[in-house]
$ cat work-v1.cif   # mmCIF, C-alpha atoms and all ligand atoms
data_protein
loop_
_atom_site.label_atom_id
_atom_site.label_comp_id
_atom_site.auth_asym_id
_atom_site.auth_seq_id
_atom_site.Cartn_x
_atom_site.Cartn_y
_atom_site.Cartn_z
CA MET A 1 -29.26 -3.04 -1.46
CA LYS A 2 -26.58 -3.83 -4.03
CA ALA A 3 -23.03 -2.46 -4.34
CA ILE A 4 -20.43 -2.97 -7.04
CA ILE A 5 -16.81 -2.60 -5.98
CA VAL A 6 -14.20 -2.08 -8.69
CA GLY A 7 -10.81 -3.43 -7.56
CA ALA A 8 -9.97 -6.44 -5.39
CA GLY A 9 -6.99 -4.91 -3.59
CA ILE A 10 -6.91 -4.54 0.20
CA ALA A 11 -9.49 -1.72 0.23
CA GLY A 12 -11.95 -3.48 -2.10
CA LEU A 13 -11.76 -6.87 -0.38
CA VAL A 14 -12.19 -5.52 3.15
CA ALA A 15 -15.06 -3.23 2.07
CA ALA A 16 -16.76 -6.24 0.43
CA ARG A 17 -16.56 -8.17 3.68
CA GLN A 18 -17.90 -5.33 5.79
CA LEU A 19 -20.84 -4.64 3.47
CA GLY A 20 -21.57 -8.35 3.03
CA LEU A 21 -21.69 -8.79 6.81
CA SER A 22 -24.32 -6.07 7.10
CA GLY A 23 -26.57 -7.61 4.48
CA TRP A 24 -25.53 -5.83 1.29
CA GLN A 25 -25.36 -7.79 -1.95
CA VAL A 26 -21.80 -7.14 -3.21
CA LEU A 27 -20.13 -7.77 -6.56
CA VAL A 28 -16.34 -7.21 -6.71
CA LEU A 29 -14.80 -6.76 -10.16
CA GLU A 30 -11.04 -7.13 -10.58
CA ARG A 31 -9.18 -6.66 -13.85
CA SER A 32 -6.33 -9.10 -13.17
CA ALA A 33 -7.12 -12.68 -14.13
CA SER A 34 -6.37 -13.96 -10.62
CA PRO A 35 -5.03 -12.53 -7.32
CA ARG A 36 -1.91 -10.47 -8.05
CA PRO A 37 1.22 -12.26 -6.77
CA ASP A 38 3.53 -9.22 -7.02
CA GLY A 39 4.35 -7.28 -3.91
CA TYR A 40 6.54 -5.85 -1.23
CA MET A 41 6.84 -5.97 2.53
CA MET A 42 4.56 -3.52 4.35
CA ASP A 43 4.53 -2.30 7.94
CA PHE A 44 1.08 -2.39 9.48
CA PHE A 45 0.45 -0.66 12.78
CA GLY A 46 -1.32 2.25 14.51
CA PRO A 47 -4.75 3.12 13.08
CA GLY A 48 -4.69 0.07 10.77
CA VAL A 49 -4.22 -2.31 13.70
CA GLU A 50 -6.97 -0.53 15.63
CA ALA A 51 -9.45 -0.74 12.73
CA SER A 52 -8.58 -4.37 11.93
CA GLU A 53 -9.15 -5.34 15.56
CA GLN A 54 -12.50 -3.57 15.63
CA ILE A 55 -13.77 -5.43 12.57
CA GLY A 56 -12.22 -8.81 13.46
CA LEU A 57 -9.67 -8.83 10.63
CA TYR A 58 -6.57 -8.73 12.84
CA PRO A 59 -6.34 -12.52 13.50
CA TYR A 60 -6.32 -13.21 9.73
CA LEU A 61 -3.53 -10.67 9.21
CA SER A 62 -1.38 -11.83 12.11
CA GLN A 63 -1.49 -15.40 10.76
CA VAL A 64 0.40 -14.37 7.61
CA ALA A 65 2.77 -11.81 9.19
CA TYR A 66 6.57 -12.09 9.10
CA GLN A 67 8.75 -11.65 12.19
CA VAL A 68 11.15 -8.89 11.15
CA GLU A 69 13.87 -8.53 13.79
CA ALA A 70 15.82 -5.50 12.61
CA ALA A 71 16.24 -2.99 9.82
CA GLU A 72 19.87 -2.59 8.77
CA TYR A 73 21.50 -0.02 6.49
CA VAL A 74 24.51 -1.23 4.49
CA ASP A 75 26.98 0.80 2.42
CA PRO A 76 28.19 -0.20 -1.09
CA SER A 77 30.92 -2.45 0.40
CA GLY A 78 28.26 -4.38 2.34
CA ARG A 79 29.29 -2.94 5.73
CA VAL A 80 26.43 -2.33 8.19
CA THR A 81 26.40 1.41 8.90
CA ALA A 82 23.35 1.59 11.17
CA SER A 83 20.49 -0.58 12.39
CA LEU A 84 17.24 -0.39 14.30
CA ASP A 85 15.66 -3.12 16.42
CA TYR A 86 12.08 -3.94 15.32
CA ARG A 87 11.12 -5.35 18.72
CA THR A 88 11.49 -1.87 20.16
CA PHE A 89 8.98 -0.60 17.62
CA ALA A 90 6.63 -3.41 18.51
CA ASP A 91 6.92 -2.70 22.26
CA LEU A 92 6.15 0.95 21.73
CA ALA A 93 3.17 0.21 19.53
CA GLY A 94 1.72 -2.09 22.22
CA GLY A 95 3.23 -5.21 20.60
CA LYS A 96 1.10 -4.65 17.53
CA VAL A 97 3.31 -4.13 14.48
CA LEU A 98 2.78 -6.56 11.64
CA SER A 99 5.14 -7.00 8.70
CA LEU A 100 2.98 -8.15 5.83
CA LEU A 101 3.70 -9.01 2.24
CA ARG A 102 1.14 -7.21 0.03
CA PRO A 103 -0.22 -10.39 -1.64
CA ASP A 104 -0.41 -12.12 1.78
CA MET A 105 -2.45 -9.22 3.10
CA GLU A 106 -4.91 -9.63 0.22
CA HIS A 107 -4.96 -13.38 0.82
CA ALA A 108 -5.90 -12.77 4.47
CA ALA A 109 -8.65 -10.36 3.42
CA ARG A 110 -10.05 -12.95 0.98
CA LYS A 111 -9.94 -15.61 3.70
CA ALA A 112 -11.87 -13.33 6.04
CA LEU A 113 -14.68 -13.25 3.44
CA GLN A 114 -15.57 -16.76 4.60
CA GLU A 115 -17.47 -15.16 7.50
CA VAL A 116 -19.94 -13.53 5.13
CA PRO A 117 -23.12 -15.59 4.55
CA GLU A 118 -22.94 -17.55 1.29
CA GLY A 119 -24.10 -15.76 -1.85
CA GLN A 120 -23.72 -12.30 -0.32
CA VAL A 121 -20.37 -11.40 -1.95
CA GLU A 122 -19.26 -12.40 -5.44
CA LEU A 123 -15.63 -11.97 -6.51
CA ARG A 124 -15.08 -11.84 -10.29
CA TYR A 125 -11.53 -11.76 -11.69
CA GLY A 126 -10.54 -10.84 -15.25
CA VAL A 127 -13.13 -8.03 -15.60
CA HIS A 128 -11.53 -4.77 -16.67
CA ILE A 129 -14.06 -1.94 -16.23
CA GLN A 130 -13.53 0.65 -18.93
CA ARG A 131 -16.79 2.59 -19.22
CA MET A 132 -19.21 3.70 -16.50
CA GLN A 133 -22.26 5.89 -16.24
CA LEU A 134 -24.73 7.18 -13.66
CA ASP A 135 -28.30 6.46 -14.74
CA GLY A 136 -30.67 8.13 -12.29
CA ALA A 137 -29.93 6.58 -8.91
CA LYS A 138 -28.31 3.52 -10.54
CA VAL A 139 -24.76 2.98 -11.78
CA ARG A 140 -23.99 1.12 -15.00
CA LEU A 141 -20.63 -0.40 -15.97
CA TRP A 142 -19.12 -1.88 -19.09
CA ALA A 143 -16.11 -4.20 -19.24
CA GLY A 144 -13.32 -4.01 -21.84
CA ASP A 145 -15.11 -6.48 -24.14
CA GLY A 146 -18.10 -4.07 -24.40
CA GLN A 147 -20.30 -6.31 -22.17
CA GLU A 148 -22.50 -4.44 -19.71
CA VAL A 149 -22.05 -5.64 -16.14
CA GLU A 150 -25.01 -5.55 -13.71
CA THR A 151 -26.34 -2.26 -12.38
CA ALA A 152 -26.25 -1.41 -8.67
CA ASP A 153 -27.39 1.16 -6.08
CA LEU A 154 -23.83 2.07 -5.11
CA LEU A 155 -20.51 2.04 -6.96
CA ILE A 156 -17.31 1.86 -4.90
CA GLY A 157 -14.03 2.75 -6.60
CA ALA A 158 -11.25 0.76 -4.95
CA ASP A 159 -9.24 0.69 -8.15
CA GLY A 160 -5.96 2.09 -6.88
CA ILE A 161 -3.85 5.18 -7.41
CA HIS A 162 -4.63 5.47 -11.15
CA SER A 163 -8.37 4.97 -10.58
CA ALA A 164 -10.49 4.93 -13.74
CA LEU A 165 -13.60 5.63 -11.62
CA ARG A 166 -12.00 8.78 -10.27
CA THR A 167 -11.31 9.98 -13.82
CA ALA A 168 -14.83 9.11 -14.99
CA PHE A 169 -16.77 10.78 -12.16
CA PHE A 170 -14.46 13.34 -10.52
CA GLY A 171 -11.99 14.58 -13.15
CA PRO A 172 -8.64 13.87 -14.82
CA GLU A 173 -5.78 12.27 -12.89
CA GLN A 174 -3.56 15.35 -13.07
CA ASP A 175 -6.13 17.30 -11.01
CA PHE A 176 -5.59 15.00 -8.00
CA LEU A 177 -2.27 13.13 -8.28
CA ARG A 178 0.63 14.83 -6.45
CA PRO A 179 3.92 13.18 -7.51
CA LEU A 180 6.63 13.32 -4.82
CA GLY A 181 9.58 13.33 -7.25
CA MET A 182 10.33 9.62 -6.87
CA ARG A 183 9.48 6.26 -8.39
CA ALA A 184 9.24 2.87 -6.69
CA ALA A 185 9.76 -0.58 -8.13
CA ALA A 186 9.19 -3.93 -6.44
CA PHE A 187 9.58 -7.60 -7.32
CA ILE A 188 10.02 -11.03 -5.74
CA VAL A 189 12.60 -13.55 -6.93
CA GLN A 190 13.65 -17.08 -5.99
CA GLU A 191 17.16 -16.77 -4.47
CA PRO A 192 17.72 -19.32 -1.65
CA GLU A 193 21.35 -18.33 -1.01
CA LEU A 194 20.59 -14.64 -0.52
CA ASN A 195 17.47 -15.57 1.43
CA GLN A 196 19.64 -17.44 3.94
CA GLN A 197 21.94 -14.45 4.43
CA LEU A 198 19.07 -12.09 5.27
CA LYS A 199 17.56 -14.05 8.19
CA ASN A 200 14.59 -11.93 9.36
CA ARG A 201 16.44 -8.68 8.73
CA PHE A 202 15.24 -5.92 6.47
CA VAL A 203 18.39 -4.77 4.66
CA LEU A 204 18.39 -1.29 3.15
CA SER A 205 21.08 0.40 1.09
CA ASP A 206 22.69 3.48 2.66
CA THR A 207 22.82 5.52 -0.54
CA VAL A 208 22.05 9.03 -1.80
CA ASP A 209 18.89 9.60 -3.93
CA ARG A 210 18.08 5.86 -4.11
CA THR A 211 17.31 3.12 -1.63
CA ALA A 212 17.03 -0.61 -2.21
CA GLY A 213 15.32 -2.64 0.51
CA ILE A 214 15.44 -6.44 0.58
CA TYR A 215 13.87 -9.09 2.79
CA GLY A 216 14.03 -12.91 2.79
CA LEU A 217 10.62 -14.60 2.49
CA ARG A 218 9.42 -18.13 3.22
CA ASP A 219 10.33 -20.73 0.56
CA GLY A 220 13.70 -19.24 -0.43
CA GLN A 221 12.30 -16.11 -2.05
CA VAL A 222 13.57 -12.56 -1.68
CA ALA A 223 11.30 -9.50 -1.85
CA SER A 224 12.80 -6.20 -2.91
CA PHE A 225 11.71 -2.64 -3.35
CA LEU A 226 13.72 0.06 -5.06
CA VAL A 227 12.92 3.73 -4.55
CA TYR A 228 14.72 6.49 -6.45
CA ARG A 229 14.39 10.16 -7.31
CA GLN A 230 13.03 10.80 -10.77
CA ASP A 231 11.61 13.83 -12.51
CA PRO A 232 7.95 12.88 -13.19
CA THR A 233 8.17 14.34 -16.71
CA ALA A 234 11.35 12.40 -17.68
CA LYS A 235 11.22 9.78 -20.44
CA LEU A 236 11.35 6.38 -18.77
CA GLY A 237 12.19 3.58 -21.19
CA GLU A 238 12.21 -0.08 -20.20
CA SER A 239 11.89 -0.77 -16.43
CA ALA A 240 14.49 -3.49 -15.83
CA ASP A 241 17.20 -1.62 -17.81
CA ARG A 242 16.46 1.64 -16.04
CA LEU A 243 16.62 -0.01 -12.61
CA ARG A 244 19.93 -1.74 -13.42
CA ARG A 245 21.39 1.59 -14.54
CA ILE A 246 20.16 3.59 -11.52
CA PHE A 247 21.01 0.97 -8.88
CA ALA A 248 24.32 -0.26 -10.34
CA GLY A 249 26.98 -0.38 -7.59
CA THR A 250 24.49 -0.07 -4.71
CA ASN A 251 25.90 -3.27 -3.22
CA GLN A 252 26.51 -6.87 -4.30
CA ARG A 253 23.17 -8.21 -3.12
CA VAL A 254 21.25 -5.57 -5.06
CA ASP A 255 23.36 -6.28 -8.16
CA ARG A 256 22.40 -9.94 -7.86
CA LEU A 257 18.69 -9.12 -7.50
CA LEU A 258 18.81 -6.84 -10.51
CA GLU A 259 20.25 -9.70 -12.58
CA LEU A 260 17.14 -11.69 -11.67
CA SER A 261 14.61 -8.85 -12.04
CA PRO A 262 11.61 -9.61 -14.26
CA ALA A 263 11.41 -7.50 -17.44
CA ASN A 264 8.30 -5.68 -16.19
CA PRO A 265 8.34 -5.42 -12.41
CA TYR A 266 5.89 -3.24 -10.47
CA ASP A 267 7.25 0.24 -11.27
CA ASP A 268 5.24 3.38 -10.58
CA VAL A 269 5.40 6.97 -9.50
CA VAL A 270 5.50 7.67 -5.74
CA ALA A 271 2.57 10.03 -5.25
CA GLN A 272 -0.30 11.08 -3.07
CA VAL A 273 -3.91 11.58 -4.15
CA VAL A 274 -5.51 14.73 -2.79
CA MET A 275 -9.21 15.35 -3.49
CA PRO A 276 -11.68 17.85 -2.03
CA CYS A 277 -14.48 15.22 -1.96
CA TRP A 278 -14.53 11.42 -2.26
CA HIS A 279 -18.18 10.87 -3.14
CA HIS A 280 -20.54 12.02 -5.86
CA ARG A 281 -24.20 10.89 -5.90
CA SER A 282 -24.01 7.06 -5.66
CA VAL A 283 -20.27 6.78 -6.34
CA VAL A 284 -17.60 6.71 -3.64
CA LEU A 285 -13.83 6.22 -3.67
CA ILE A 286 -11.75 4.39 -1.02
CA GLY A 287 -8.10 3.40 -0.50
CA ASP A 288 -5.42 4.70 -2.86
CA ALA A 289 -8.09 5.74 -5.40
CA ALA A 290 -9.40 8.38 -2.98
CA ALA A 291 -6.40 9.33 -0.93
CA ALA A 292 -3.10 7.52 -1.57
CA VAL A 293 -0.67 8.47 1.18
CA SER A 294 2.42 6.99 -0.61
CA LEU A 295 4.88 4.37 0.56
CA LEU A 296 6.77 7.11 2.41
CA ALA A 297 3.95 7.22 4.95
CA GLY A 298 4.15 3.42 5.38
CA GLN A 299 0.43 3.41 6.00
CA GLY A 300 -1.33 2.88 2.65
CA GLY A 301 -2.45 -0.64 3.57
CA ALA A 302 -3.50 0.56 7.00
CA MET A 303 -5.50 3.46 5.53
CA ALA A 304 -7.17 1.07 3.06
CA VAL A 305 -8.37 -1.06 5.99
CA CYS A 306 -9.49 2.02 7.97
CA ALA A 307 -11.44 3.34 4.97
CA ALA A 308 -13.15 0.00 4.31
CA ALA A 309 -14.10 -0.27 7.98
CA ALA A 310 -15.41 3.33 8.10
CA LEU A 311 -17.44 2.83 4.91
CA GLY A 312 -18.85 -0.45 6.24
CA ASN A 313 -19.89 1.24 9.49
CA ALA A 314 -21.49 4.18 7.70
CA LEU A 315 -23.45 2.01 5.23
CA GLY A 316 -24.28 -0.76 7.71
CA GLU A 317 -27.68 0.64 8.68
CA VAL A 318 -28.66 1.93 5.22
CA SER A 319 -31.87 0.37 3.91
CA SER A 320 -32.86 2.74 1.08
CA LYS A 321 -31.10 4.67 -1.70
CA GLU A 322 -32.15 7.97 -0.10
CA GLN A 323 -29.96 7.20 2.92
CA ILE A 324 -26.79 6.64 0.85
CA PRO A 325 -25.55 10.27 0.50
CA ALA A 326 -25.62 10.88 4.26
CA ALA A 327 -23.77 7.61 4.89
CA LEU A 328 -21.07 8.55 2.36
CA ALA A 329 -20.65 11.95 4.03
CA GLU A 330 -20.25 10.21 7.38
CA TYR A 331 -17.55 7.87 5.96
CA GLU A 332 -15.70 10.92 4.70
CA ARG A 333 -16.04 12.75 8.03
CA VAL A 334 -14.42 9.81 9.86
CA MET A 335 -11.62 9.24 7.35
CA ARG A 336 -10.50 12.81 6.51
CA PRO A 337 -8.44 13.46 9.69
CA LYS A 338 -6.67 10.08 9.48
CA ILE A 339 -5.72 10.69 5.84
CA SER A 340 -4.50 14.24 6.46
CA THR A 341 -2.22 13.02 9.23
CA ALA A 342 -0.81 10.11 7.22
CA GLN A 343 -0.25 12.27 4.12
CA ALA A 344 1.55 14.94 6.16
CA SER A 345 3.76 12.25 7.70
CA GLY A 346 4.54 10.87 4.20
CA ARG A 347 5.62 14.29 2.92
CA ARG A 348 7.80 14.86 6.00
CA ALA A 349 9.52 11.48 5.57
CA ALA A 350 10.73 12.18 2.01
CA ASN A 351 14.19 13.54 2.81
CA SER A 352 15.14 11.09 5.57
CA PHE A 353 13.90 8.14 3.48
CA LEU A 354 15.92 9.26 0.46
CA PRO A 355 18.71 11.66 1.54
CA ARG A 356 19.69 14.13 -1.18
CA HIS A 357 23.41 14.27 -0.31
CA ARG A 358 26.15 12.58 1.76
CA LEU A 359 25.56 14.84 4.71
CA GLY A 360 21.98 13.57 4.89
CA LEU A 361 23.32 9.98 4.97
CA LEU A 362 25.71 10.81 7.79
CA TRP A 363 22.93 12.48 9.75
CA ARG A 364 20.67 9.43 9.38
CA ARG A 365 23.51 7.12 10.42
CA LEU A 366 24.19 9.26 13.47
CA ILE A 367 20.58 9.17 14.58
CA LEU A 368 20.30 5.43 14.08
CA ARG A 369 23.68 4.75 15.73
CA SER A 370 22.59 6.72 18.75
CA THR A 371 19.96 4.03 19.28
CA LYS A 372 22.82 1.82 20.51
CA LEU A 373 23.25 4.03 23.57
CA PRO A 374 21.38 2.65 26.57
CA GLY A 375 17.87 4.05 26.78
CA VAL A 376 18.11 5.94 23.51
CA ASP A 377 16.81 3.06 21.42
CA ARG A 378 13.33 3.37 22.91
CA LEU A 379 13.43 7.15 22.66
CA VAL A 380 14.37 7.33 18.99
CA ALA A 381 12.14 4.44 17.99
CA GLY A 382 9.36 6.05 20.00
CA GLN A 383 9.70 9.29 18.09
CA ILE A 384 9.72 7.49 14.76
CA VAL A 385 6.64 5.44 15.68
CA LYS A 386 4.90 8.57 16.93
CA ARG A 387 5.64 10.44 13.71
CA LEU A 388 4.28 7.60 11.61
CA ALA A 389 1.25 6.82 13.74
CA LYS A 390 0.22 10.43 14.40
C1 LIG B 1 6.91 -0.22 -2.74
C2 LIG B 1 5.71 0.05 -1.86
C3 LIG B 1 5.81 -0.12 -0.50
C4 LIG B 1 4.71 0.11 0.33
N1 LIG B 1 4.86 -0.05 1.66
C5 LIG B 1 3.79 0.10 2.48
C6 LIG B 1 3.91 -0.11 3.90
O1 LIG B 1 4.99 -0.39 4.44
N2 LIG B 1 2.80 0.00 4.66
C7 LIG B 1 1.58 0.30 4.11
O2 LIG B 1 0.59 0.33 4.86
N3 LIG B 1 1.44 0.56 2.78
C8 LIG B 1 2.51 0.47 1.94
N4 LIG B 1 2.37 0.70 0.61
C9 LIG B 1 1.07 1.20 0.05
C10 LIG B 1 0.00 0.13 -0.10
O3 LIG B 1 0.47 -0.97 -0.82
C11 LIG B 1 -1.20 0.71 -0.83
O4 LIG B 1 -1.54 1.94 -0.26
C12 LIG B 1 -2.39 -0.22 -0.72
O5 LIG B 1 -2.07 -1.49 -1.22
C13 LIG B 1 -3.59 0.35 -1.50
O6 LIG B 1 -4.60 -0.60 -1.59
P1 LIG B 1 -5.85 -0.35 -2.54
O7 LIG B 1 -6.74 -1.54 -2.38
O8 LIG B 1 -6.42 1.00 -2.32
O9 LIG B 1 -5.28 -0.29 -4.05
P2 LIG B 1 -4.51 -1.39 -4.93
O10 LIG B 1 -3.75 -2.33 -4.10
O11 LIG B 1 -3.78 -0.64 -5.98
O12 LIG B 1 -5.72 -2.21 -5.62
C14 LIG B 1 -6.46 -1.73 -6.71
C15 LIG B 1 -7.01 -2.92 -7.49
O13 LIG B 1 -7.91 -2.45 -8.51
C16 LIG B 1 -7.69 -3.16 -9.71
N5 LIG B 1 -8.14 -2.31 -10.82
C17 LIG B 1 -7.59 -1.13 -11.20
N6 LIG B 1 -8.31 -0.60 -12.23
C18 LIG B 1 -9.33 -1.46 -12.49
C19 LIG B 1 -10.40 -1.46 -13.43
N7 LIG B 1 -10.59 -0.46 -14.31
N8 LIG B 1 -11.28 -2.52 -13.46
C20 LIG B 1 -11.11 -3.55 -12.56
N9 LIG B 1 -10.11 -3.59 -11.64
C21 LIG B 1 -9.23 -2.56 -11.60
C22 LIG B 1 -6.17 -3.42 -9.69
O14 LIG B 1 -5.79 -4.50 -10.52
C23 LIG B 1 -5.92 -3.72 -8.21
O15 LIG B 1 -6.06 -5.08 -7.89
C24 LIG B 1 3.45 0.52 -0.25
C25 LIG B 1 3.34 0.69 -1.62
C26 LIG B 1 4.45 0.48 -2.42
C27 LIG B 1 4.30 0.68 -3.91
#
$ encode --input "work-v1.cif" --output "structure tokens"
Amino acid sequence: MKAIIVGAGIAGLVAARQLGLSGWQVLVLERSASPRPDGYMMDFFGPGVEASEQIGLYPYLSQVAYQVEAAEYVDPSGRVTASLDYRTFADLAGGKVLSLLRPDMEHAARKALQEVPEGQVELRYGVHIQRMQLDGAKVRLWAGDGQEVETADLLIGADGIHSALRTAFFGPEQDFLRPLGMRAAAFIVQEPELNQQLKNRFVLSDTVDRTAGIYGLRDGQVASFLVYRQDPTAKLGESADRLRRIFAGTNQRVDRLLELSPANPYDDVVAQVVMPCWHHRSVVLIGDAAAAVSLLAGQGGAMAVCAAAALGNALGEVSSKEQIPAALAEYERVMRPKISTAQASGRRAANSFLPRHRLGLLWRRLILRSTKLPGVDRLVAGQIVKRLAK
């Protein structure tokens, strides 16, 4: 049995491993010329940890994880207004919270492909799929240069939130994409001095309608993400200029990062993908393509791993094309409740992640400051973990 996976992000790479391990012939097609180096720091816990342990991916992920010690909010003068201890989170989640840089997570997933017997999985970079068609029980794909790529029994769309496969087989993006009224940007820069100041702390700006989060990486780099409210229909203009304008005065460190920002950083709408069905004949969607939960849920990477594991389990025993539809329905049955919970948690988090007014800031500070009272730290952190992991 042969599968083609479009997209070598977390979902695509883990699905390739799982199918390869159960004897499928897998071809992964990725449009970028090589693994994408851009990224941000992601929390990985709850269902993602559980799924990665079940499929044996966890050791690869933990090898590349960072040891975040605390998250700190700072006001425009640089004063720390509130903080939360990460070890408390880890204790409450059974010691299993990983802080992973997106490209490191993909690197770990590629490394884990070494367990698949040779020749079972092929990874091809620099192939941008632009046309696709169902031909009887087979799928046919064409790359940007007009070349037809091999046919297969199953096509897996792991091509992210703006999935071209979703548009081709399920309908236009506007039917499924639910913007949450925000945009997010992220980039990594070399800044040894700032890196030294951060020392294993996640530093977030305590500001209305915008939040900048920064973290010091290995090798003197600093990773940043910038989230801000934005009308989805507004005219955007050039990314770096817009970010400098919106985040001006956030605090000195953010000003410095914005000076170093690349002209075209990652910069996209914060949205969820909501679809009534994720499979159609021999085509199935996974990860953000099927059901983006948004960065507000803090579980997109985790859901990508869960989906790849569930799809691998469902297709593991399949030995003929006739068995594929039932396996895809089973994958969907397992994943639906996890996605609904994570998407609901993402929607709930919107206002506390990005307070709309000063009162909201004060309320968040109060809650986080209360964690300094004896015994309250565990309680508050416990509630936050529970909300995210539910
Ligand atoms: C700022 C930010 C912070 C986040 N924080 C967290 C967090 O703390 N915890 C968490 O779990 N998640 C977080 N997420 C979400 C998480 O990153 C995503 O949910 C996850 O990476 C989705 O993985 P994916 O493989 O489905 O899609 P993607 O990573 O988007 O991969 C899709 C791949 O498909 C390729 N592709 C697209 N179209 C084509 C085509 N036509 N032909 C060939 N290839 C194609 C793309 O180049 C890409 O490599 C965050 C996201 C953002 C933006």
$ residues_near_ligand --input "work-v1.cif" --ligand "ligand LIG 1 (chain B)" --cutoff "7 Å" --atoms "all atoms listed in the file" --output "PyMOL selection string"
chain A and resi 6-12+29-32+36+40-44+102+127-130+158-161+163-164+184-186+225+286-289+292-295+298-304
$ residues_around --input "work-v1.cif" --residues "Leu361 in chain A" --least-positions-apart "5" --cutoff "9 Å" --atoms "all atoms listed in the file" --output "PyMOL selection string"
chain A and resi 206-208+352+354-356+366
$ closest_residue --input "work-v1.cif" --among "A:Leu368, A:Val189, A:Val305, A:Ala33" --to "Arg256 in chain A" --atoms "all atoms listed in the file"
A:Val189
$ atom_distance --input "work-v1.cif" --atom1 "CA of Ser22 in chain A" --atom2 "CA of Leu311 in chain A"
11.5 Å
$ residues_around --input "work-v1.cif" --residues "Ala137 in chain A" --least-positions-apart "4" --cutoff "8 Å" --atoms "all atoms listed in the file" --output "NGL selection string"
:A and (153 or 281-282 or 321)
$ atom_distance --input "work-v1.cif" --atom1 "CA of Ala297 in chain A" --atom2 "CA of Gly316 in chain A"
29.5 Å
$ atom_distance --input "work-v1.cif" --atom1 "CA of Arg87 in chain A" --atom2 "CA of Glu193 in chain A"
25.7 Å
$ residues_around --input "work-v1.cif" --residues "Leu258 in chain A" --least-positions-apart "6" --cutoff "10 Å" --atoms "only C-alpha atoms" --output "MDAnalysis selection string"
chainID A and resid 187 189 224 240:241 243:245 247:248 252
$ residues_around --input "work-v1.cif" --residues "Ala168 in chain A" --least-positions-apart "5" --cutoff "12 Å" --atoms "only C-alpha atoms" --output "VMD selection string"
chain A and resid 129 to 134 141 157 162 to 163 173 280 283 to 285
$ closest_residue --input "work-v1.cif" --among "A:Leu328, A:Cys277, A:Leu154, A:Ile188" --to "Leu260 in chain A" --atoms "only C-alpha atoms"
A:Ile188
$ closest_residue --input "work-v1.cif" --among "A:Ile5, A:Ala212, A:Ala263, A:Val269" --to "Thr233 in chain A" --atoms "all atoms listed in the file"
A:Val269
$ closest_residue --input "work-v1.cif" --among "A:Leu204, A:Ala290, A:Thr88, A:Ala109" --to "Leu177 in chain A" --atoms "all atoms listed in the file"
A:Ala290
$ closest_residue --input "work-v1.cif" --among "A:Glu118, A:Leu113, A:Val26, A:Arg253" --to "Ser77 in chain A" --atoms "all atoms listed in the file"
A:Arg253
